[in-house]
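Content type mmCIF, C-alpha atoms and all ligand atoms, from the file work_2.cif:
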```cif
data_model
loop_
_atom_site.label_atom_id
_atom_site.label_comp_id
_atom_site.auth_asym_id
_atom_site.auth_seq_id
_atom_site.Cartn_x
_atom_site.Cartn_y
_atom_site.Cartn_z
CA MET A 1 0.00 0.00 0.00
CA SER A 2 1.33 3.42 -0.73
CA ASN A 3 2.28 5.50 2.23
CA PRO A 4 0.01 8.49 2.80
CA ILE A 5 2.91 10.49 4.16
CA THR A 6 4.98 10.34 1.01
CA ARG A 7 2.30 10.24 -1.68
CA PRO A 8 0.86 13.62 -2.53
CA THR A 9 -2.81 13.71 -3.30
CA ARG A 10 -4.15 15.15 -6.54
CA ARG A 11 -5.56 18.06 -4.59
CA GLU A 12 -2.18 18.83 -3.09
CA THR A 13 -0.48 18.70 -6.47
CA PHE A 14 -3.15 20.95 -7.87
CA ARG A 15 -2.84 23.46 -5.06
CA LEU A 16 0.87 23.84 -5.71
CA GLY A 17 0.12 24.50 -9.34
CA LEU A 18 2.53 21.83 -10.49
CA ALA A 19 2.08 20.93 -14.10
CA ALA A 20 3.53 17.47 -13.90
CA THR A 21 3.18 14.86 -11.21
CA ALA A 22 6.05 12.82 -12.61
CA ALA A 23 8.63 14.24 -10.21
CA LEU A 24 6.36 13.60 -7.25
CA ALA A 25 5.81 9.98 -8.17
CA THR A 26 9.49 9.15 -7.72
CA ILE A 27 9.34 9.71 -3.97
CA PRO A 28 9.90 6.31 -2.42
CA ASP A 29 8.24 4.57 0.47
CA TRP A 30 10.30 3.19 3.27
CA ALA A 31 10.91 -0.53 2.90
CA THR A 32 9.45 -0.98 6.37
CA PRO A 33 6.23 0.94 6.78
CA ALA A 34 4.23 1.44 9.96
CA LEU A 35 3.92 -1.41 12.45
CA ALA A 36 2.19 -4.48 11.09
CA GLN A 37 0.06 -6.73 13.24
CA GLY A 38 2.10 -8.61 15.85
CA GLU A 39 5.06 -6.25 15.55
CA VAL A 40 6.22 -4.17 18.48
CA ASP A 41 8.89 -1.56 19.02
CA VAL A 42 11.54 -2.53 21.55
CA PRO A 43 11.92 0.47 23.86
CA PHE A 44 15.34 2.03 24.19
CA THR A 45 16.72 2.30 27.71
CA ASP A 46 18.99 5.24 26.90
CA ILE A 47 16.32 7.93 26.69
CA PRO A 48 16.47 10.39 29.60
CA ALA A 49 13.28 10.68 31.65
CA THR A 50 13.31 14.41 30.93
CA PHE A 51 13.22 13.87 27.15
CA ASN A 52 9.91 15.32 26.05
CA PRO A 53 9.89 16.00 22.33
CA GLY A 54 6.12 16.33 22.26
CA ASN A 55 6.32 19.50 24.30
CA PRO A 56 7.86 22.12 22.03
CA THR A 57 9.00 25.49 23.25
CA ALA A 58 8.94 28.68 21.23
CA THR A 59 12.57 28.13 20.32
CA THR A 60 12.86 24.39 19.81
CA ARG A 61 10.85 21.42 18.62
CA LEU A 62 12.48 18.01 18.46
CA LEU A 63 11.53 15.17 16.18
CA ASP A 64 10.89 11.99 18.12
CA ILE A 65 12.97 9.72 15.90
CA ARG A 66 11.21 6.64 17.32
CA LYS A 67 8.18 7.72 15.30
CA ILE A 68 9.89 7.72 11.90
CA ASP A 69 7.77 5.47 9.69
CA GLY A 70 8.24 6.94 6.25
CA LEU A 71 10.83 8.76 4.22
CA VAL A 72 9.38 12.23 4.65
CA THR A 73 8.86 13.79 8.08
CA PRO A 74 5.27 14.97 8.54
CA ARG A 75 5.11 18.75 8.49
CA GLU A 76 3.68 18.94 12.04
CA GLN A 77 6.58 16.86 13.38
CA PHE A 78 9.38 18.63 11.50
CA PHE A 79 11.93 19.87 14.03
CA ALA A 80 12.32 23.62 14.51
CA ILE A 81 14.99 25.94 15.86
CA ASN A 82 14.31 29.64 16.25
CA HIS A 83 16.95 31.96 17.60
CA PHE A 84 14.87 35.11 17.84
CA ASN A 85 11.15 35.77 17.58
CA ARG A 86 8.99 33.86 15.15
CA PRO A 87 7.62 36.60 12.91
CA GLU A 88 4.02 36.29 11.87
CA ILE A 89 4.06 37.49 8.29
CA ASP A 90 1.26 38.53 5.97
CA GLY A 91 2.00 36.32 2.97
CA ALA A 92 0.26 38.62 0.49
CA ALA A 93 2.20 41.71 1.59
CA HIS A 94 5.60 40.04 1.98
CA ARG A 95 8.40 40.76 -0.49
CA VAL A 96 11.83 39.19 -0.88
CA LYS A 97 14.19 41.98 -1.89
CA PHE A 98 17.29 41.39 -4.01
CA THR A 99 19.83 44.12 -3.32
CA GLY A 100 23.51 44.97 -3.73
CA LEU A 101 25.66 44.22 -6.76
CA LEU A 102 22.83 43.60 -9.21
CA ASN A 103 21.77 45.15 -12.46
CA LYS A 104 18.10 45.26 -11.48
CA PRO A 105 17.38 45.41 -7.74
CA THR A 106 14.04 43.58 -7.58
CA GLU A 107 11.34 42.54 -5.13
CA PHE A 108 9.48 39.26 -5.45
CA SER A 109 6.09 38.58 -3.90
CA LEU A 110 4.98 35.08 -3.01
CA ALA A 111 2.70 35.20 -6.06
CA ASP A 112 5.69 36.14 -8.26
CA LEU A 113 7.63 33.14 -6.96
CA LYS A 114 4.68 30.77 -7.39
CA ALA A 115 4.24 31.95 -10.96
CA MET A 116 7.73 30.72 -11.80
CA LYS A 117 8.69 27.17 -12.70
CA PRO A 118 8.52 25.16 -9.46
CA VAL A 119 11.16 22.68 -8.45
CA GLU A 120 10.78 20.01 -5.86
CA VAL A 121 13.63 18.61 -3.80
CA VAL A 122 13.53 16.05 -1.04
CA ALA A 123 16.11 17.32 1.40
CA GLY A 124 16.87 16.31 4.94
CA TYR A 125 19.02 18.22 7.38
CA GLU A 126 20.00 18.48 10.97
CA CYS A 127 20.89 21.40 13.15
CA SER A 128 24.68 21.43 13.48
CA GLY A 129 24.04 21.29 17.24
CA ASN A 130 22.21 17.98 16.89
CA SER A 131 23.66 15.07 18.86
CA GLY A 132 22.86 12.35 21.35
CA ARG A 133 22.06 15.07 23.88
CA ALA A 134 18.94 15.85 21.85
CA MET A 135 18.39 12.15 21.08
CA GLN A 136 19.28 13.24 17.50
CA GLY A 137 15.87 14.92 17.29
CA LEU A 138 17.13 18.15 15.67
CA SER A 139 16.79 16.49 12.28
CA SER A 140 14.07 15.88 9.70
CA ASN A 141 13.54 15.17 6.03
CA GLY A 142 11.22 17.30 3.92
CA ARG A 143 9.79 17.55 0.44
CA TRP A 144 10.35 21.18 -0.49
CA THR A 145 8.75 23.11 -3.31
CA GLY A 146 10.06 26.42 -4.49
CA VAL A 147 12.11 28.27 -7.04
CA ARG A 148 15.79 27.84 -7.77
CA LEU A 149 17.82 30.74 -6.41
CA SER A 150 19.96 30.57 -9.56
CA ASP A 151 16.88 31.36 -11.69
CA LEU A 152 16.21 34.47 -9.60
CA LEU A 153 19.85 35.57 -9.69
CA LYS A 154 19.80 35.27 -13.48
CA LYS A 155 16.69 37.44 -13.61
CA VAL A 156 18.17 40.24 -11.51
CA GLY A 157 21.56 40.21 -13.24
CA VAL A 158 24.50 39.66 -10.92
CA GLN A 159 27.35 42.10 -11.44
CA PRO A 160 30.81 40.64 -12.10
CA SER A 161 32.26 41.94 -8.83
CA ALA A 162 29.75 40.01 -6.67
CA ARG A 163 31.29 37.11 -4.75
CA GLU A 164 29.08 36.59 -1.72
CA VAL A 165 25.33 36.17 -1.27
CA VAL A 166 23.87 37.14 2.10
CA PHE A 167 20.42 36.03 3.25
CA PHE A 168 18.55 37.99 5.89
CA GLY A 169 15.51 36.77 7.78
CA THR A 170 12.70 39.00 9.00
CA ASP A 171 13.38 37.92 12.58
CA ARG A 172 15.45 40.14 14.85
CA GLY A 173 16.87 40.01 18.33
CA LYS A 174 19.51 41.33 20.69
CA GLU A 175 22.95 39.77 20.40
CA ASP A 176 26.18 40.19 22.29
CA VAL A 177 28.74 41.17 19.70
CA VAL A 178 32.18 40.75 21.21
CA PHE A 179 35.04 42.85 19.92
CA ARG A 180 38.28 42.52 21.90
CA GLN A 181 37.46 43.83 25.36
CA GLN A 182 34.12 45.29 24.35
CA THR A 183 30.72 43.67 24.18
CA PHE A 184 28.03 45.46 22.21
CA LYS A 185 24.40 44.60 22.82
CA ILE A 186 23.04 44.97 19.34
CA GLU A 187 19.63 44.26 17.96
CA GLN A 188 20.22 42.58 14.63
CA GLN A 189 18.50 40.43 12.04
CA PHE A 190 19.26 36.78 11.42
CA GLY A 191 21.78 36.56 8.58
CA ARG A 192 23.73 33.86 6.77
CA SER A 193 25.83 33.81 3.62
CA MET A 194 27.45 31.61 1.01
CA THR A 195 29.66 32.15 -1.98
CA LEU A 196 28.01 33.04 -5.29
CA GLU A 197 29.33 29.74 -6.63
CA HIS A 198 27.34 27.80 -4.02
CA ALA A 199 24.32 30.05 -4.49
CA MET A 200 24.21 29.14 -8.18
CA LYS A 201 24.04 25.40 -7.38
CA GLN A 202 21.36 23.71 -5.29
CA PRO A 203 19.62 26.29 -3.09
CA LEU A 204 15.88 26.95 -3.40
CA LEU A 205 13.58 29.66 -2.19
CA ALA A 206 11.01 27.25 -0.77
CA TYR A 207 7.38 28.11 -0.09
CA ALA A 208 5.97 24.64 0.60
CA LEU A 209 6.88 21.67 2.78
CA ASN A 210 5.30 18.32 1.89
CA GLY A 211 2.86 20.09 -0.39
CA GLU A 212 1.56 22.54 2.22
CA PRO A 213 2.52 26.16 2.81
CA LEU A 214 5.30 26.55 5.37
CA ALA A 215 4.05 26.81 8.93
CA ARG A 216 4.91 29.98 10.81
CA GLU A 217 7.85 28.37 12.63
CA GLN A 218 9.07 26.90 9.34
CA GLY A 219 9.62 30.36 7.89
CA PHE A 220 6.30 31.27 6.27
CA PRO A 221 5.95 32.52 3.59
CA VAL A 222 9.37 31.76 2.08
CA ARG A 223 12.72 30.43 3.24
CA LEU A 224 16.01 29.36 1.81
CA VAL A 225 16.74 25.63 1.60
CA MET A 226 20.35 24.68 0.94
CA PRO A 227 20.28 20.92 0.34
CA GLY A 228 23.27 19.11 1.82
CA TRP A 229 24.15 21.76 4.39
CA TYR A 230 23.48 22.00 8.09
CA GLY A 231 20.15 23.54 9.10
CA VAL A 232 21.46 26.98 9.92
CA ALA A 233 21.96 27.72 6.20
CA ASN A 234 18.21 27.48 5.62
CA VAL A 235 17.24 31.07 6.44
CA LYS A 236 13.57 31.31 7.38
CA TRP A 237 11.17 34.27 6.87
CA LEU A 238 13.50 35.34 4.05
CA ALA A 239 13.39 39.12 3.61
CA GLU A 240 16.49 40.06 1.64
CA VAL A 241 19.11 38.51 -0.60
CA HIS A 242 22.13 40.82 -0.77
CA LEU A 243 25.04 40.51 -3.19
CA GLN A 244 28.41 41.85 -2.18
CA GLU A 245 32.08 41.41 -2.91
CA ASP A 246 33.38 40.90 0.62
CA ARG A 247 32.83 38.05 3.05
CA TYR A 248 29.90 38.39 5.41
CA LEU A 249 30.97 37.96 9.05
CA GLY A 250 27.66 38.12 10.91
CA ASN A 251 27.11 36.39 14.20
CA TYR A 252 25.39 33.29 12.82
CA GLN A 253 27.97 32.96 10.07
CA ALA A 254 31.27 33.55 11.76
CA ARG A 255 30.81 33.27 15.52
CA TRP A 256 27.90 31.16 16.77
CA TYR A 257 28.13 28.54 14.08
CA ARG A 258 31.73 27.46 13.80
CA SER A 259 33.86 24.53 14.81
CA LEU A 260 37.31 24.52 16.36
CA ARG A 261 39.37 21.44 15.57
CA GLY A 262 42.94 20.38 16.16
CA THR A 263 44.48 18.70 13.12
CA GLY A 264 47.88 17.09 12.56
CA GLY A 265 50.59 16.33 15.09
CA THR A 266 49.70 14.91 18.49
CA GLY A 267 46.84 17.26 19.22
CA GLU A 268 48.67 18.64 22.27
CA GLU A 269 48.29 22.39 22.37
CA THR A 270 52.05 22.79 22.69
CA ASP A 271 52.81 20.62 19.63
CA PRO A 272 53.88 22.92 16.76
CA GLN A 273 52.68 20.31 14.22
CA THR A 274 49.12 20.65 15.45
CA HIS A 275 47.06 23.26 13.67
CA TRP A 276 43.91 24.69 15.14
CA VAL A 277 41.32 25.29 12.48
CA GLU A 278 38.11 27.25 12.92
CA ASN A 279 35.60 26.57 10.19
CA GLU A 280 32.14 27.81 9.33
CA VAL A 281 29.37 25.25 9.54
CA THR A 282 28.37 24.35 5.98
CA HIS A 283 28.27 20.81 4.47
CA MET A 284 26.77 18.11 6.66
CA ARG A 285 29.25 15.52 7.81
CA VAL A 286 28.14 11.94 7.40
CA LYS A 287 26.03 10.63 10.27
CA SER A 288 23.94 7.51 10.76
CA VAL A 289 21.50 7.08 13.63
CA ILE A 290 19.60 4.04 14.85
CA ALA A 291 16.04 5.25 15.33
CA ARG A 292 13.89 2.17 15.94
CA VAL A 293 14.20 -1.53 16.73
CA ARG A 294 11.13 -3.52 15.80
CA LYS A 295 10.39 -7.05 17.00
CA SER A 296 8.50 -9.38 14.73
CA GLY A 297 8.55 -12.93 16.06
CA ASN A 298 12.20 -13.87 16.61
CA LEU A 299 13.47 -11.24 14.24
CA HIS A 300 14.52 -7.76 15.25
CA GLN A 301 14.66 -5.09 12.56
CA VAL A 302 17.09 -2.29 13.34
CA MET A 303 16.10 0.87 11.46
CA GLY A 304 17.64 4.26 11.09
CA PHE A 305 18.64 7.14 8.87
CA VAL A 306 21.78 8.60 7.33
CA LEU A 307 22.36 12.30 6.69
CA ASN A 308 25.20 13.81 4.72
CA ASP A 309 25.88 16.43 2.07
CA GLY A 310 24.68 14.32 -0.85
CA THR A 311 27.95 12.45 -1.41
CA PRO A 312 27.04 8.86 -2.35
CA LEU A 313 27.35 6.33 0.45
CA LYS A 314 29.56 3.28 0.31
CA SER A 315 28.04 1.46 3.28
CA VAL A 316 26.03 1.57 6.45
CA GLU A 317 26.95 -0.99 9.08
CA VAL A 318 25.57 -2.05 12.43
CA GLN A 319 27.53 -3.42 15.34
CA ILE A 320 25.92 -5.35 18.19
CA ASP A 321 27.59 -5.52 21.61
CA GLY A 322 31.02 -4.66 20.22
CA GLY A 323 30.99 -7.56 17.71
CA ALA A 324 31.91 -7.43 14.04
CA TRP A 325 30.43 -4.69 11.85
CA GLN A 326 27.60 -6.11 9.73
CA SER A 327 26.22 -4.60 6.54
CA ALA A 328 22.88 -2.88 6.86
CA THR A 329 20.65 -2.45 3.82
CA LEU A 330 20.00 1.00 2.47
CA ASP A 331 16.42 1.44 1.40
CA LYS A 332 16.29 0.15 -2.17
CA THR A 333 14.71 3.37 -3.39
CA THR A 334 17.76 5.35 -2.29
CA ASP A 335 19.26 5.66 -5.75
CA LYS A 336 16.11 6.95 -7.40
CA ALA A 337 15.75 10.44 -8.74
CA ASN A 338 15.22 13.31 -6.35
CA SER A 339 16.86 11.57 -3.44
CA GLN A 340 20.43 12.86 -3.51
CA TYR A 341 19.78 15.20 -0.60
CA SER A 342 17.13 13.15 1.13
CA TRP A 343 18.12 11.35 4.25
CA LYS A 344 18.60 7.66 3.55
CA LEU A 345 16.82 5.01 5.57
CA PHE A 346 18.46 1.71 6.41
CA THR A 347 17.47 -1.57 7.99
CA TYR A 348 19.48 -4.38 9.54
CA ARG A 349 18.06 -7.84 10.29
CA TRP A 350 19.17 -8.74 13.77
CA GLU A 351 18.71 -12.48 14.10
CA GLY A 352 19.06 -14.50 17.28
CA ALA A 353 18.89 -11.57 19.68
CA THR A 354 19.32 -12.97 23.20
CA PRO A 355 17.36 -11.80 26.24
CA GLY A 356 19.12 -9.11 28.26
CA PRO A 357 20.71 -5.70 27.70
CA HIS A 358 22.40 -4.84 24.41
CA THR A 359 24.27 -1.96 22.80
CA LEU A 360 23.71 -1.26 19.11
CA VAL A 361 25.55 1.26 17.00
CA ALA A 362 25.60 2.21 13.33
CA ARG A 363 28.27 3.82 11.19
CA ALA A 364 28.08 5.16 7.65
CA THR A 365 30.91 5.46 5.12
CA GLU A 366 30.96 7.66 2.02
CA ILE A 367 32.44 6.60 -1.31
CA THR A 368 35.21 9.11 -0.63
CA GLY A 369 36.25 6.88 2.27
CA ALA A 370 35.03 9.30 4.95
CA VAL A 371 33.85 7.16 7.87
CA GLN A 372 31.53 8.36 10.59
CA PRO A 373 33.87 8.80 13.58
CA THR A 374 33.55 7.55 17.14
CA THR A 375 33.22 10.05 19.97
CA ALA A 376 36.87 9.39 20.86
CA GLU A 377 37.95 10.16 17.30
CA LEU A 378 36.20 13.52 17.55
CA SER A 379 37.88 14.51 20.80
CA ARG A 380 39.99 17.17 19.05
CA LYS A 381 36.87 19.04 18.00
CA LYS A 382 36.33 21.55 20.78
CA THR A 383 33.01 23.21 20.04
CA PHE A 384 29.95 20.97 20.27
CA LEU A 385 28.69 21.67 16.73
CA GLU A 386 29.06 19.19 13.86
CA ASP A 387 28.98 16.22 16.22
CA ASN A 388 28.53 13.39 13.72
CA SER A 389 29.90 10.77 16.06
CA GLN A 390 28.52 7.25 16.17
CA PHE A 391 25.54 7.07 18.48
CA PRO A 392 25.39 3.86 20.54
CA ARG A 393 21.85 2.83 21.56
CA LYS A 394 20.88 0.71 24.53
CA LEU A 395 17.93 -1.62 24.89
CA THR A 396 16.91 -4.76 26.72
CA ILE A 397 15.44 -7.80 25.01
CA ALA A 398 12.77 -9.36 27.23
N1 LIG B 1 15.51 33.43 10.01
C1 LIG B 1 15.97 32.36 10.67
N2 LIG B 1 16.32 31.28 9.96
C2 LIG B 1 16.78 30.18 10.59
C3 LIG B 1 16.92 30.16 11.99
C4 LIG B 1 16.54 31.31 12.71
O1 LIG B 1 16.63 31.37 13.95
N3 LIG B 1 16.06 32.39 12.02
N4 LIG B 1 17.43 29.03 12.60
C5 LIG B 1 18.33 28.23 11.77
C6 LIG B 1 18.76 26.99 12.37
S1 LIG B 1 19.99 27.10 13.51
C7 LIG B 1 18.30 25.79 11.96
S2 LIG B 1 18.92 24.35 12.56
C8 LIG B 1 17.22 25.70 10.96
C9 LIG B 1 16.07 24.89 11.46
O2 LIG B 1 15.09 24.81 10.48
P1 LIG B 1 13.66 24.29 10.88
O3 LIG B 1 13.23 25.12 12.06
O4 LIG B 1 12.79 24.41 9.73
O5 LIG B 1 13.88 22.87 11.28
O6 LIG B 1 16.71 26.97 10.59
C10 LIG B 1 17.70 27.94 10.41
N5 LIG B 1 17.12 29.12 9.84
MO MO B 2 20.87 25.00 13.91
#
```

Mind turning the file's structure into structure tokens?
Amino acid sequence: MSNPITRPTRRETFRLGLAATAALATIPDWATPALAQGEVDVPFTDIPATFNPGNPTATTRLLDIRKIDGLVTPREQFFAINHFNRPEIDGAAHRVKFTGLLNKPTEFSLADLKAMKPVEVVAGYECSGNSGRAMQGLSSNGRWTGVRLSDLLKKVGVQPSAREVVFFGTDRGKEDVVFRQQTFKIEQQFGRSMTLEHAMKQPLLAYALNGEPLAREQGFPVRLVMPGWYGVANVKWLAEVHLQEDRYLGNYQARWYRSLRGTGGTGEETDPQTHWVENEVTHMRVKSVIARVRKSGNLHQVMGFVLNDGTPLKSVEVQIDGGAWQSATLDKTTDKANSQYSWKLFTYRWEGATPGPHTLVARATEITGAVQPTTAELSRKKTFLEDNSQFPRKLTIA
């Protein structure tokens, strides 16, 4: 049976004004749909009593990854992170302004964007602060509809000196801006940037998630979606796209969202061979997460997802109680069209599980050879962002 979560209805397709349903039809179902009769989820024993994803705050909503039962995260469950206020915007009055080094500074209304050729991309992402502390719930996978940013940039005519594209949200708030010994309390807007080269590739100005308009906390009426990058790139309540020559060094670009890593040498701070590198948070680093374990008779199905920047995967493996790594199976629909930036679902058949406590962990490897690291292997990364470490899960078989 087709999964209602991933199959758009005719009405939905019609509402989006999409001419062709062909692209939509390629969206796959998960190999293991919702619980069948006689199947039960084995509860994890590693979930803190305080973990309460069903109780969102104004700033954060977590996805309860135990509920994943299809490729696409339902819109109401999609995680959310809001740094400032959540502007309530009049969709009809809103304009996205293109400013800076352009031939034709232009404003686009939502109607203007919807009148253009729509593209649809299934893209999953996580907040770069996602980790085991949040039970990996700062992650989701969405079916986005919008307009390619490159089409808009072609319309407005980028001047040859432009190098950097800055995206400003409508949301604003007070920030501490630290400069040497001074701290300025500045009210500022949310801003992020990328090079023009990146801006001409995959990003979309998205106005729909899973065939519905964006919810307020999802950035209604229009947001940026940068497939393959950490969540912070996906500027919500998009107000302005500004082209400039110089790098943009705003708080959310250059200070709040960066990693500090020791590379080379021994890692000792006194070792001259060790370099300390601070990088912006951009491409997602490969991460696999075990989300569910389902019991069906004697068989246990271990299920989870993999997120990365769209680089093809070589393998996903599962290890039980420190034993040998065993190949997991990536959902067979993974290679289909429109799934490069989707998260990938995997299953592993765990046979002969014995009663008692167990530890299960997954690791993913990209075709480039990049392997998802252990926590120990990430010990030279000092800031907590970009924690793609393997995530051991604990459960007890009755
Ligand atoms: N305007 C604006 N855009 C924003 C944010 C924000 O606070 N304001 N949060 C960012 C961060 S840190 C993340 S992880 C993602 C979360 O997207 P979501 O809320 O749709 O899951 O939005 C990004 N875009
Ligand atoms: Mo984030």

Residue nearest ligand MO 2 (chain B) among A:Ser315, A:Asn210, A:Gln253, A:Thr50 (counting all atoms listed in the file):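 Counting all atoms listed in the file, the residue closest to ligand MO 2 (chain B) is A:Gln253.
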
Write out as CSV the residues of chain A that have any atom within 8 Å of an atom of ligand LIG 1 (chain B), one row each with the nearest atom pair and its distance in Å to one decimal, counting all atoms listed in the file, sorted by chain and then rising number.
```
residue,atom,partner,partner_atom,distance
A:Thr60,CA,B:LIG1,O3,7.8
A:Arg61,CA,B:LIG1,O3,7.9
A:Phe78,CA,B:LIG1,O5,6.2
A:Phe79,CA,B:LIG1,O5,4.5
A:Ala80,CA,B:LIG1,O3,3.0
A:Ile81,CA,B:LIG1,O3,4.3
A:Asn82,CA,B:LIG1,O1,3.7
A:His83,CA,B:LIG1,O1,3.7
A:Phe84,CA,B:LIG1,O1,5.7
A:Asn85,CA,B:LIG1,O1,7.9
A:Arg86,CA,B:LIG1,N3,7.9
A:Tyr125,CA,B:LIG1,O5,8.0
A:Glu126,CA,B:LIG1,S2,6.2
A:Cys127,CA,B:LIG1,S2,3.6
A:Ser128,CA,B:LIG1,S2,6.5
A:Gly129,CA,B:LIG1,S2,7.6
A:Leu138,CA,B:LIG1,S2,7.2
A:Ser139,CA,B:LIG1,O5,7.1
A:Ser140,CA,B:LIG1,O5,7.2
A:Phe168,CA,B:LIG1,N1,6.9
A:Gly169,CA,B:LIG1,N1,4.0
A:Thr170,CA,B:LIG1,N1,6.3
A:Asp171,CA,B:LIG1,N1,5.6
A:Gln189,CA,B:LIG1,N1,7.9
A:Phe190,CA,B:LIG1,N1,5.2
A:Gly191,CA,B:LIG1,N1,7.2
A:Glu217,CA,B:LIG1,O3,6.3
A:Gln218,CA,B:LIG1,O4,4.5
A:Gly219,CA,B:LIG1,N1,7.0
A:Arg223,CA,B:LIG1,N2,7.7
A:Tyr230,CA,B:LIG1,S2,6.8
A:Gly231,CA,B:LIG1,S2,3.8
A:Val232,CA,B:LIG1,C6,3.6
A:Ala233,CA,B:LIG1,C10,6.0
A:Asn234,CA,B:LIG1,N5,4.7
A:Val235,CA,B:LIG1,N2,3.6
A:Lys236,CA,B:LIG1,N2,3.8
A:Trp237,CA,B:LIG1,N1,5.4
A:Leu238,CA,B:LIG1,N1,6.6
```

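Across A:Asn103, A:Ser259, A:Thr374, A:Gln273, the tightest approach to Lys287 in chain A is made by A:Thr374 when counting only C-alpha atoms.
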
In terms of the shortest atom-to-atom distance over all atoms listed in the file, which of A:Lys154, A:Lys67, A:Lys344, A:Arg294 is closest to Ala36 in chain A? A:Arg294

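Shortest separation to Met200 in chain A among A:Arg148, A:Lys97, A:Arg258, A:Arg180 occurs at residue A:Arg148, atoms counted being all atoms listed in the file.
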
A:Leu35, A:Leu62, A:Ala206, A:Ala362 ranked by distance to ligand MO 2 (chain B), top pick (using only C-alpha atoms and all ligand atoms):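 Of A:Leu35, A:Leu62, A:Ala206, A:Ala362, the one nearest ligand MO 2 (chain B), counting only C-alpha atoms and all ligand atoms, is A:Leu62.
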
Neighbouring residues of range 201-204 of chain A were defined as those with any atom within 6 Å, considering all atoms listed in the file; residues of the same chain fewer than 6 positions away were excluded. Please report them as a list in words. Gly146, Val147, Arg148, Leu149, Leu224, Val225 and Met226 of chain A

Given the point (19.7, 1.4, 2.1) in the coordinates of this file, which residues lie within 6 Å, counting all atoms listed in the file, and how would they look as a count of residues only? 6

How many Å lie between CA of Trp343 in chain A and CA of Thr195 in chain A, rounded to one decimal?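 Pair CA of Trp343 in chain A / CA of Thr195 in chain A returns 24.6 Å.
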
In Å, with one decimal, what is the gap from CA of Asp64 in chain A to CA of Ile47 in chain A? 10.9 Å

Can you list, as a ChimeraX atom specification, every protein, DNA or RNA residue that comes within 9 Å of Val42 in chain A when you count all atoms listed in the file, leaving out same-chain residues fewer than 6 positions away? /A:292-295,300,395-398

Any chance you can output those residues with C-alpha atoms as a short mmCIF file (atom, residue, chain, number, x, y, z; two decimals), in the coordinates of the input?
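Output file selection.cif is given in full below:
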```
data_model
loop_
_atom_site.label_atom_id
_atom_site.label_comp_id
_atom_site.auth_asym_id
_atom_site.auth_seq_id
_atom_site.Cartn_x
_atom_site.Cartn_y
_atom_site.Cartn_z
CA ARG A 292 13.89 2.17 15.94
CA VAL A 293 14.20 -1.53 16.73
CA ARG A 294 11.13 -3.52 15.80
CA LYS A 295 10.39 -7.05 17.00
CA HIS A 300 14.52 -7.76 15.25
CA LEU A 395 17.93 -1.62 24.89
CA THR A 396 16.91 -4.76 26.72
CA ILE A 397 15.44 -7.80 25.01
CA ALA A 398 12.77 -9.36 27.23
#
```

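Across the model, the gap from CA of Gln340 in chain A to CA of Ala123 in chain A is 7.9 Å.
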
Between A:Tyr341, A:Phe305, A:Trp350, A:Tyr252, smallest distance to ligand MO 2 (chain B) by all atoms listed in the file belongs to A:Tyr252

Neighbour list for Arg75 in chain A as a count of residues only, cut-off 12 Å, all atoms listed in the file, skip fewer than 6 positions in-chain: 20

Polymer residues at most 8 Å from (52.9, 18.5, 11.4) by all atoms listed in the file, as a ChimeraX atom specification: /A:264-265,272-275

Residues within 12 Å of Arg349 in chain A, only C-alpha atoms, excluding chain neighbours under 5 positions, as a list in words: Thr32, Val293, Arg294, Lys295, Ser296, Asn298, Leu299, His300, Gln301, Val302, Met303, Glu317, Val318, Gln319, Ile320, Gln326, Ser327, Ala328, Thr329 and Leu330 of chain A
